[in-house]
Amino acid sequence: MVGERIGVFVCHCGRNIAETVDVDWVVREISKHPFVIHAEHYKYMCSAPGQDLIRKAIKKKRLTAIVVAACSPSLHLETFRSVAESAGLNKYRVEIANIREQNSWVHEDREKATEKAIRITLSAIEKVLENKPLTPVRSKVVKRCLVLGGGIAGIQAALDVANAGYEVILVEKSPTIGGRMAQLAETFPTLDCAQCILTPKMSEVARHPNIKLLTLSEVVEVSGHVGSFKVKVRRRPRYVRVGLCNLCGECEKVCPVIVLDKDYDRELSIRRAIYIPFPQAVPSAYVVDPEHCRGVACSKCVEVCEQNAIDLYEEEEILEFEVGAIIVATGFDLLPKEIIGEYGYGRYEDVIDSLQFERLLSSTGPTGGEIRRPSDGRIPRRVAFVQCAGSRDTNYLPYCSGICCMYTAKHALLYKHLVPDGDAYVFYIDIRAPSKGYEEFIKRVQEEFGVKYVRGKVSKIYRDGDGLVVRAVDTITGEIFKEKFDMVVLALGVVPNTRQVAETLRIPTDENGFLQEVHPKLRPVESPIRGIFICGMA
C-alpha cells in the first residue's frame, strides 16, 4: 500500500443524497485518511462536468485509485470505470460507495446518515486499496441466442435476433408458440385482429433459417457466463412426428377420449386426447396429451395414420446447447379463479374470466364469435365487467396489473357491437389509461356505445334464479348498487410465470415475483446477470 494515492469524489445526486447526508462533513472526515490525497464533492458526479473533475484530479494528483461515493454500483460503476480508463488509470482500481440506496434513501436522521456515509466510504477505500490492476480476459463469443418463451414477446425477440444474422434457439413449454395473444380476438386501442398480427410472425419463426424451435421444452440447467452459457433443455415427447403429420385429422376422429380444453379455450370447449391446439398452431402438427391418452393399450390413432407419424413410445430427451446470450420472455398467468371466493368464479358457470370472454369473442372460439352464456347457450342481455378482480387488493395482489382497464373497455365495446341492444356495466376503482389513444378509447366506449361505468368495488356476486346479482357501493353517489345480470366477466389480476426459470437462471425477481430489471428507465431489458435479458409481461 506504500505510495497509494486515493481520490474520493462525493456526489450530491441533486437532493437525493445531499438532503440527508452532509457532504461537506463527509469530505472533511474522509480527507483525514492517510492514503486519501484528494477529496471533493459535486452536485452530479455522473454528469459531463463531474466526470471531468474526476479525470483532471487523476492526472493532476497522480491518483492510483479512486472511490466515488454516489448511487448503486449497478447503475454507474461502468461509467466511472470508463472515466478512470480515459485518464490512464486501470479501471479495476475504481470502487463505488453506495451512499444513496443503502443510506440516504432509507434514513431521515441527517447526523446518523452522514456518519453512516462516512463509514461506507471508508469501507470502499479499504477495499480499493486491495484491488489489483487487472487486464480483461478475452474469449470467443458464441454467436447464438436462447429465447425462453414463445409468446408474442419471445417471437418478436427471436425474429429480431435472427434477422440480425444470428442463430436462435426458441424454447416453449407448450405444444405451440403463440402464447396468450393466440387466445385473443382483437387488440386495443386499434381493434386489430390479434391473429392477423400474430400468425404471420409464427409462420416466419417456423420457416426462418436462423431459428431452431423447441416446443414442449423447458430449460433445466444453465452454467457459464456471458458469451458462453451452457444450457440443458428437457424436451417432452410430442408422440407425433412434426415432419410427417399432414393434419388429415383421422387420428382425432377415432380417439375415444374426450376432455375439457383447459389451455386454449379455458374449459369452454372439449377436445380429444390427440389434438391440434388451434388451427394456426406452430408447429403445424397434432400432439398427444399424455395425461389422458390411453397409450398403446388403445392405439386407434396409430392404426389410422397412413403417414406413420404417431409414435406412442417416444421418450423425453435432454438437449445441450452453448449460447452467447439468453432472453427471458416467459409471460404471465391469471390469478387462480378459486382464490376470490366472493365472486363465485368456479361455482357459477356464467362468472367467467377475461381470457374466457376473449374466446367467446373470437371467430375461432367455442361459439364461433357469438357471445353465449356457458350455462345454457343463451345470448346475455346484461353483462357486468368487474375490474381489479384481485389486483390492487392487499388480500390478493397489491399491484395494478396494468392492462385491465383497457381490455375491459375493449370487451364492453365488442359486446355492444355483437349485442347492440344489450346492457354493459363496468365496475371500477378508477381508470388507468395513460398511453397514446387510450383515454380517447375509454371515452368512445362510454359515449358512442353507451357502456355504463360504475365507480365502486364489487363486494359480492351471488345467484338469483337464472341470473347473477352484483353487489357494490357506488362511491360517487354513495348508494348501494344491487342489480341482476346474465353474465359476469372478471378482469382477473396478472401474476408472473417466472419462478422456475428465475431459479434455474439465478436471476432476481421483485417482491411480486416478476423478473427484476437493472433499472426501469436506464436499463429496462437487462437482468443483473450479464448476457441475460428480459422482456414482455414477465
# chains A, B, ... in the order shown; residues from 1 in each chain; ligands from 1

$ residues_around --residues "stretch 463-480 of chain A" --least-positions-apart "5" --cutoff "9 Å" --atoms "only C-alpha atoms" --output "list in words"
Tyr343, Gly344, Tyr348, Asp350, Val351, Ala384, Phe427, Ile429, Val454, Arg455, Gly456, Lys457, Val458, Phe485, Asp486, Met487 and Val488 of chain A

$ select_by_dssp --residues "stretch 139-212 of chain A" --states "alpha helix (DSSP H)" --output "ChimeraX atom specification"
/A:152-163,194-207

$ closest_residue --among "A:Ser174, A:Ser299, A:Gln183, A:Ser104" --to "A:Ser217" --atoms "only C-alpha atoms"
A:Ser174

$ atom_distance --atom1 "atom CA of A:Leu89" --atom2 "atom CA of A:Asn131"
12.6 Å

$ select_by_dssp --residues "stretch 276-332 of chain A" --states "strand (DSSP E)" --output "list in words"
Val287, Val288, Glu317, Ile318, Leu319, Glu320, Phe321, Glu322, Val323, Ala325, Ile326, Ile327, Val328 and Phe332 of chain A

$ write_last_selection --atoms "N, CA, C and O atoms" --output "mmCIF file, in the first residue's frame"
data_model
loop_
_atom_site.group_PDB
_atom_site.id
_atom_site.type_symbol
_atom_site.label_atom_id
_atom_site.label_comp_id
_atom_site.auth_asym_id
_atom_site.auth_seq_id
_atom_site.Cartn_x
_atom_site.Cartn_y
_atom_site.Cartn_z
ATOM 1 N N VAL A 287 -50.723 -33.279 -31.503
ATOM 2 C CA VAL A 287 -49.955 -33.598 -30.308
ATOM 3 C C VAL A 287 -50.812 -34.503 -29.423
ATOM 4 O O VAL A 287 -52.044 -34.383 -29.407
ATOM 5 N N VAL A 288 -50.182 -35.403 -28.712
ATOM 6 C CA VAL A 288 -50.891 -36.327 -27.816
ATOM 7 C C VAL A 288 -50.795 -35.801 -26.387
ATOM 8 O O VAL A 288 -49.713 -35.422 -25.918
ATOM 9 N N GLU A 317 -36.193 -36.327 -23.842
ATOM 10 C CA GLU A 317 -34.755 -36.245 -24.110
ATOM 11 C C GLU A 317 -34.184 -34.958 -23.540
ATOM 12 O O GLU A 317 -34.888 -33.963 -23.357
ATOM 13 N N ILE A 318 -32.894 -34.986 -23.238
ATOM 14 C CA ILE A 318 -32.175 -33.813 -22.764
ATOM 15 C C ILE A 318 -31.263 -33.327 -23.887
ATOM 16 O O ILE A 318 -30.428 -34.080 -24.397
ATOM 17 N N LEU A 319 -31.429 -32.081 -24.278
ATOM 18 C CA LEU A 319 -30.616 -31.478 -25.332
ATOM 19 C C LEU A 319 -29.661 -30.476 -24.696
ATOM 20 O O LEU A 319 -30.021 -29.772 -23.738
ATOM 21 N N GLU A 320 -28.457 -30.389 -25.215
ATOM 22 C CA GLU A 320 -27.458 -29.461 -24.681
ATOM 23 C C GLU A 320 -27.032 -28.487 -25.766
ATOM 24 O O GLU A 320 -26.801 -28.876 -26.910
ATOM 25 N N PHE A 321 -26.926 -27.202 -25.382
ATOM 26 C CA PHE A 321 -26.537 -26.151 -26.315
ATOM 27 C C PHE A 321 -25.550 -25.207 -25.641
ATOM 28 O O PHE A 321 -25.502 -25.103 -24.411
ATOM 29 N N GLU A 322 -24.808 -24.497 -26.461
ATOM 30 C CA GLU A 322 -23.968 -23.408 -25.977
ATOM 31 C C GLU A 322 -24.453 -22.140 -26.661
ATOM 32 O O GLU A 322 -24.605 -22.096 -27.881
ATOM 33 N N VAL A 323 -24.740 -21.122 -25.849
ATOM 34 C CA VAL A 323 -25.258 -19.864 -26.387
ATOM 35 C C VAL A 323 -24.486 -18.696 -25.793
ATOM 36 O O VAL A 323 -23.892 -18.804 -24.715
ATOM 37 N N ALA A 325 -25.992 -15.526 -25.392
ATOM 38 C CA ALA A 325 -26.916 -14.653 -24.659
ATOM 39 C C ALA A 325 -28.247 -15.375 -24.480
ATOM 40 O O ALA A 325 -28.575 -16.302 -25.215
ATOM 41 N N ILE A 326 -29.014 -14.916 -23.486
ATOM 42 C CA ILE A 326 -30.315 -15.517 -23.175
ATOM 43 C C ILE A 326 -31.349 -14.407 -23.022
ATOM 44 O O ILE A 326 -31.090 -13.390 -22.366
ATOM 45 N N ILE A 327 -32.496 -14.587 -23.647
ATOM 46 C CA ILE A 327 -33.619 -13.654 -23.492
ATOM 47 C C ILE A 327 -34.768 -14.408 -22.833
ATOM 48 O O ILE A 327 -35.170 -15.470 -23.298
ATOM 49 N N VAL A 328 -35.288 -13.855 -21.740
ATOM 50 C CA VAL A 328 -36.372 -14.494 -20.996
ATOM 51 C C VAL A 328 -37.676 -13.752 -21.272
ATOM 52 O O VAL A 328 -37.792 -12.559 -21.006
ATOM 53 N N PHE A 332 -47.123 -14.575 -18.565
ATOM 54 C CA PHE A 332 -47.897 -14.408 -17.332
ATOM 55 C C PHE A 332 -49.007 -15.447 -17.242
ATOM 56 O O PHE A 332 -49.340 -16.122 -18.218
#

$ residues_around --residues "A:Glu78" --least-positions-apart "2" --cutoff "12 Å" --atoms "only C-alpha atoms" --output "ChimeraX atom specification"
/A:46,68,72-76,80-85,91-92,94-96

$ closest_atom_pairs --of "stretch 305-373 of chain A" --to "stretch 246-263 of chain A" --cutoff "12 Å" --atoms "only C-alpha atoms" --output "JSON lines"
{"residue": "A:Cys305", "atom": "CA", "partner": "A:Cys251", "partner_atom": "CA", "distance": 6.4}
{"residue": "A:Glu306", "atom": "CA", "partner": "A:Glu250", "partner_atom": "CA", "distance": 9.2}
{"residue": "A:Gln307", "atom": "CA", "partner": "A:Asn246", "partner_atom": "CA", "distance": 7.8}
{"residue": "A:Asn308", "atom": "CA", "partner": "A:Asn246", "partner_atom": "CA", "distance": 10.6}
{"residue": "A:Ala309", "atom": "CA", "partner": "A:Asn246", "partner_atom": "CA", "distance": 8.8}
{"residue": "A:Ile310", "atom": "CA", "partner": "A:Cys251", "partner_atom": "CA", "distance": 9.1}
{"residue": "A:Asp333", "atom": "CA", "partner": "A:Asp263", "partner_atom": "CA", "distance": 11.3}
{"residue": "A:Leu355", "atom": "CA", "partner": "A:Asp263", "partner_atom": "CA", "distance": 10.5}
{"residue": "A:Gln356", "atom": "CA", "partner": "A:Lys262", "partner_atom": "CA", "distance": 10.3}
{"residue": "A:Arg359", "atom": "CA", "partner": "A:Asp263", "partner_atom": "CA", "distance": 11.1}
{"residue": "A:Gly365", "atom": "CA", "partner": "A:Asp261", "partner_atom": "CA", "distance": 11.3}
{"residue": "A:Pro366", "atom": "CA", "partner": "A:Asp261", "partner_atom": "CA", "distance": 10.1}

$ residues_around --residues "A:Val518" --least-positions-apart "4" --cutoff "7 Å" --atoms "only C-alpha atoms" --output "mmCIF file with all heavy atoms, in the first residue's frame"
data_model
loop_
_atom_site.group_PDB
_atom_site.id
_atom_site.type_symbol
_atom_site.label_atom_id
_atom_site.label_comp_id
_atom_site.auth_asym_id
_atom_site.auth_seq_id
_atom_site.Cartn_x
_atom_site.Cartn_y
_atom_site.Cartn_z
ATOM 1 N N ARG A 523 -31.880 0.864 -17.922
ATOM 2 C CA ARG A 523 -31.525 -0.483 -18.415
ATOM 3 C C ARG A 523 -32.720 -1.412 -18.238
ATOM 4 O O ARG A 523 -32.690 -2.361 -17.469
ATOM 5 C CB ARG A 523 -30.289 -0.999 -17.666
ATOM 6 C CG ARG A 523 -29.033 -0.155 -17.931
ATOM 7 C CD ARG A 523 -27.924 -0.433 -16.944
ATOM 8 N NE ARG A 523 -27.345 -1.749 -17.130
ATOM 9 C CZ ARG A 523 -26.401 -2.258 -16.318
ATOM 10 N NH1 ARG A 523 -25.983 -1.553 -15.288
ATOM 11 N NH2 ARG A 523 -25.914 -3.454 -16.545
ATOM 12 N N PRO A 524 -33.814 -1.131 -18.979
ATOM 13 C CA PRO A 524 -35.088 -1.811 -18.720
ATOM 14 C C PRO A 524 -35.179 -3.247 -19.206
ATOM 15 O O PRO A 524 -36.125 -3.941 -18.839
ATOM 16 C CB PRO A 524 -36.101 -0.927 -19.468
ATOM 17 C CG PRO A 524 -35.307 -0.326 -20.582
ATOM 18 C CD PRO A 524 -33.941 -0.100 -20.023
ATOM 19 N N GLU A 526 -32.346 -5.440 -19.183
ATOM 20 C CA GLU A 526 -31.188 -6.190 -18.702
ATOM 21 C C GLU A 526 -31.456 -6.760 -17.315
ATOM 22 O O GLU A 526 -31.990 -6.080 -16.449
ATOM 23 C CB GLU A 526 -29.955 -5.288 -18.628
ATOM 24 C CG GLU A 526 -29.491 -4.750 -19.974
ATOM 25 C CD GLU A 526 -28.307 -3.822 -19.821
ATOM 26 O OE1 GLU A 526 -27.294 -4.235 -19.215
ATOM 27 O OE2 GLU A 526 -28.394 -2.672 -20.287
ATOM 28 N N SER A 527 -31.070 -8.004 -17.119
ATOM 29 C CA SER A 527 -31.072 -8.570 -15.774
ATOM 30 C C SER A 527 -29.710 -8.257 -15.145
ATOM 31 O O SER A 527 -28.773 -7.893 -15.856
ATOM 32 C CB SER A 527 -31.290 -10.081 -15.826
ATOM 33 O OG SER A 527 -30.079 -10.745 -16.146
ATOM 34 N N PRO A 528 -29.579 -8.408 -13.827
ATOM 35 C CA PRO A 528 -28.280 -8.149 -13.198
ATOM 36 C C PRO A 528 -27.171 -9.103 -13.655
ATOM 37 O O PRO A 528 -25.997 -8.827 -13.425
ATOM 38 C CB PRO A 528 -28.573 -8.322 -11.700
ATOM 39 C CG PRO A 528 -30.028 -8.055 -11.577
ATOM 40 C CD PRO A 528 -30.635 -8.606 -12.829
#

$ closest_residue --among "A:Pro508, A:Ser203, A:Val106, A:Ser375" --to "A:Arg347" --atoms "only C-alpha atoms"
A:Ser375

$ atom_distance --atom1 "atom CA of A:Glu503" --atom2 "atom CA of A:Ala538"
14.0 Å

$ closest_residue --among "A:Val489, A:Met181, A:Cys301, A:Val451" --to "A:Val386" --atoms "only C-alpha atoms"
A:Val489

$ residues_around --residues "A:Ser362" --least-positions-apart "5" --cutoff "7 Å" --atoms "only C-alpha atoms" --output "PyMOL selection string"
chain A and resi 184-185+368-369

$ residues_around --residues "A:Phe35" --least-positions-apart "4" --cutoff "9 Å" --atoms "only C-alpha atoms" --output "list in words"
Met1, Val2, Gly3, Glu4, Arg5, Ile6, Gly7, Ser31, Ile125 and Leu129 of chain A

$ atom_distance --atom1 "atom CA of A:Leu53" --atom2 "atom CA of A:Thr20"
23.4 Å

$ residues_around --residues "stretch 108-120 of chain A" --least-positions-apart "2" --cutoff "10 Å" --atoms "only C-alpha atoms" --output "tab-separated table (two decimals) with N, CA and C atoms, in the first residue's frame"
chain	number	residue	atom	x	y	z
A	10	VAL	N	-17.47	12.69	-3.80
A	10	VAL	CA	-18.78	12.53	-3.18
A	10	VAL	C	-19.83	13.25	-4.02
A	17	ILE	N	-29.01	12.62	-2.24
A	17	ILE	CA	-28.03	12.33	-1.19
A	17	ILE	C	-27.84	13.54	-0.28
A	18	ALA	N	-27.63	14.72	-0.89
A	18	ALA	CA	-27.26	15.90	-0.11
A	18	ALA	C	-28.33	16.36	0.86
A	19	GLU	N	-29.60	16.04	0.60
A	19	GLU	CA	-30.66	16.44	1.52
A	19	GLU	C	-30.59	15.70	2.85
A	20	THR	N	-30.03	14.48	2.82
A	20	THR	CA	-29.96	13.65	4.03
A	20	THR	C	-28.53	13.56	4.57
A	21	VAL	N	-27.55	13.66	3.68
A	21	VAL	CA	-26.15	13.49	4.07
A	21	VAL	C	-25.42	14.83	3.94
A	22	ASP	N	-24.67	15.22	4.98
A	22	ASP	CA	-23.85	16.43	4.95
A	22	ASP	C	-22.57	16.11	4.16
A	23	VAL	N	-22.56	16.44	2.88
A	23	VAL	CA	-21.45	16.06	2.01
A	23	VAL	C	-20.15	16.78	2.39
A	24	ASP	N	-20.25	18.01	2.92
A	24	ASP	CA	-19.04	18.72	3.39
A	24	ASP	C	-18.38	17.95	4.52
A	25	TRP	N	-19.18	17.49	5.44
A	25	TRP	CA	-18.67	16.73	6.59
A	25	TRP	C	-18.01	15.43	6.11
A	26	VAL	N	-18.66	14.74	5.16
A	26	VAL	CA	-18.08	13.51	4.62
A	26	VAL	C	-16.70	13.77	4.02
A	27	VAL	N	-16.58	14.83	3.23
A	27	VAL	CA	-15.29	15.15	2.58
A	27	VAL	C	-14.23	15.48	3.62
A	28	ARG	N	-14.61	16.27	4.66
A	28	ARG	CA	-13.64	16.62	5.71
A	28	ARG	C	-13.11	15.38	6.43
A	29	GLU	N	-14.03	14.46	6.79
A	29	GLU	CA	-13.62	13.27	7.53
A	29	GLU	C	-12.80	12.31	6.66
A	30	ILE	N	-13.21	12.14	5.42
A	30	ILE	CA	-12.50	11.23	4.52
A	30	ILE	C	-11.10	11.75	4.21
A	69	ALA	N	-18.38	8.13	-4.06
A	69	ALA	CA	-19.49	7.92	-3.11
A	69	ALA	C	-20.74	8.48	-3.75
A	70	ALA	N	-21.60	7.58	-4.22
A	70	ALA	CA	-22.76	8.01	-5.00
A	70	ALA	C	-23.88	6.98	-4.88
A	96	ILE	N	-17.23	1.94	-5.92
A	96	ILE	CA	-18.38	2.79	-5.63
A	96	ILE	C	-18.80	2.59	-4.17
A	97	ALA	N	-18.94	3.68	-3.44
A	97	ALA	CA	-19.52	3.64	-2.09
A	97	ALA	C	-20.99	4.02	-2.24
A	98	ASN	N	-21.86	3.08	-2.03
A	98	ASN	CA	-23.29	3.31	-2.24
A	98	ASN	C	-23.89	4.03	-1.04
A	99	ILE	N	-23.92	5.36	-1.13
A	99	ILE	CA	-24.47	6.15	-0.02
A	99	ILE	C	-25.86	6.70	-0.36
A	100	ARG	N	-26.45	6.20	-1.44
A	100	ARG	CA	-27.83	6.60	-1.78
A	100	ARG	C	-28.80	5.49	-1.39
A	102	GLN	N	-28.34	2.61	-0.07
A	102	GLN	CA	-28.04	1.98	1.22
A	102	GLN	C	-27.94	2.97	2.37
A	103	ASN	N	-28.25	4.23	2.10
A	103	ASN	CA	-28.10	5.21	3.16
A	103	ASN	C	-29.14	6.33	3.08
A	104	SER	N	-28.94	7.31	2.18
A	104	SER	CA	-29.79	8.50	2.19
A	104	SER	C	-31.26	8.18	1.90
A	105	TRP	N	-31.51	7.18	1.07
A	105	TRP	CA	-32.89	6.85	0.73
A	105	TRP	C	-33.64	6.11	1.84
A	106	VAL	N	-32.91	5.56	2.80
A	106	VAL	CA	-33.58	4.76	3.83
A	106	VAL	C	-33.45	5.36	5.23
A	122	LEU	N	-15.38	4.85	3.87
A	122	LEU	CA	-14.12	4.33	4.40
A	122	LEU	C	-13.96	2.84	4.04
A	123	SER	N	-15.07	2.11	4.09
A	123	SER	CA	-15.01	0.70	3.70
A	123	SER	C	-14.60	0.54	2.25
A	124	ALA	N	-15.14	1.40	1.39
A	124	ALA	CA	-14.80	1.35	-0.03
A	124	ALA	C	-13.33	1.70	-0.25
A	125	ILE	N	-12.80	2.61	0.56
A	125	ILE	CA	-11.38	2.97	0.45
A	125	ILE	C	-10.51	1.77	0.81

$ closest_residue --among "A:Leu148, A:Leu312, A:Ala65, A:Cys13" --to "A:Thr215" --atoms "only C-alpha atoms"
A:Leu148

$ decode --residues "stretch 440-466 of chain A" --atoms "C-alpha atoms" --output "compact mmCIF listing (two decimals), in the first residue's frame"
# COMPACT_ATOMS: atom_id res chain seq x y z
CA GLU A 440 -59.96 8.53 -26.15
CA PHE A 441 -60.80 4.82 -26.44
CA ILE A 442 -62.38 4.80 -22.96
CA LYS A 443 -64.48 7.88 -23.78
CA ARG A 444 -65.60 6.34 -27.08
CA VAL A 445 -66.80 3.23 -25.24
CA GLN A 446 -68.81 5.36 -22.82
CA GLU A 447 -70.21 7.99 -25.16
CA GLU A 448 -70.60 6.20 -28.51
CA PHE A 449 -71.54 2.73 -27.28
CA GLY A 450 -73.34 3.70 -24.08
CA VAL A 451 -71.39 1.45 -21.72
CA LYS A 452 -72.19 2.41 -18.14
CA TYR A 453 -69.25 2.85 -15.75
CA VAL A 454 -69.93 2.42 -12.03
CA ARG A 455 -67.19 3.67 -9.71
CA GLY A 456 -67.17 1.10 -6.95
CA LYS A 457 -65.55 -2.18 -6.00
CA VAL A 458 -67.81 -5.22 -6.22
CA SER A 459 -68.18 -6.85 -2.82
CA LYS A 460 -70.23 -9.92 -3.71
CA ILE A 461 -71.75 -11.86 -6.59
CA TYR A 462 -74.43 -14.49 -5.99
CA ARG A 463 -77.01 -16.47 -7.96
CA ASP A 464 -80.65 -15.43 -8.10
CA GLY A 465 -82.77 -17.72 -10.27
CA ASP A 466 -81.14 -17.95 -13.69
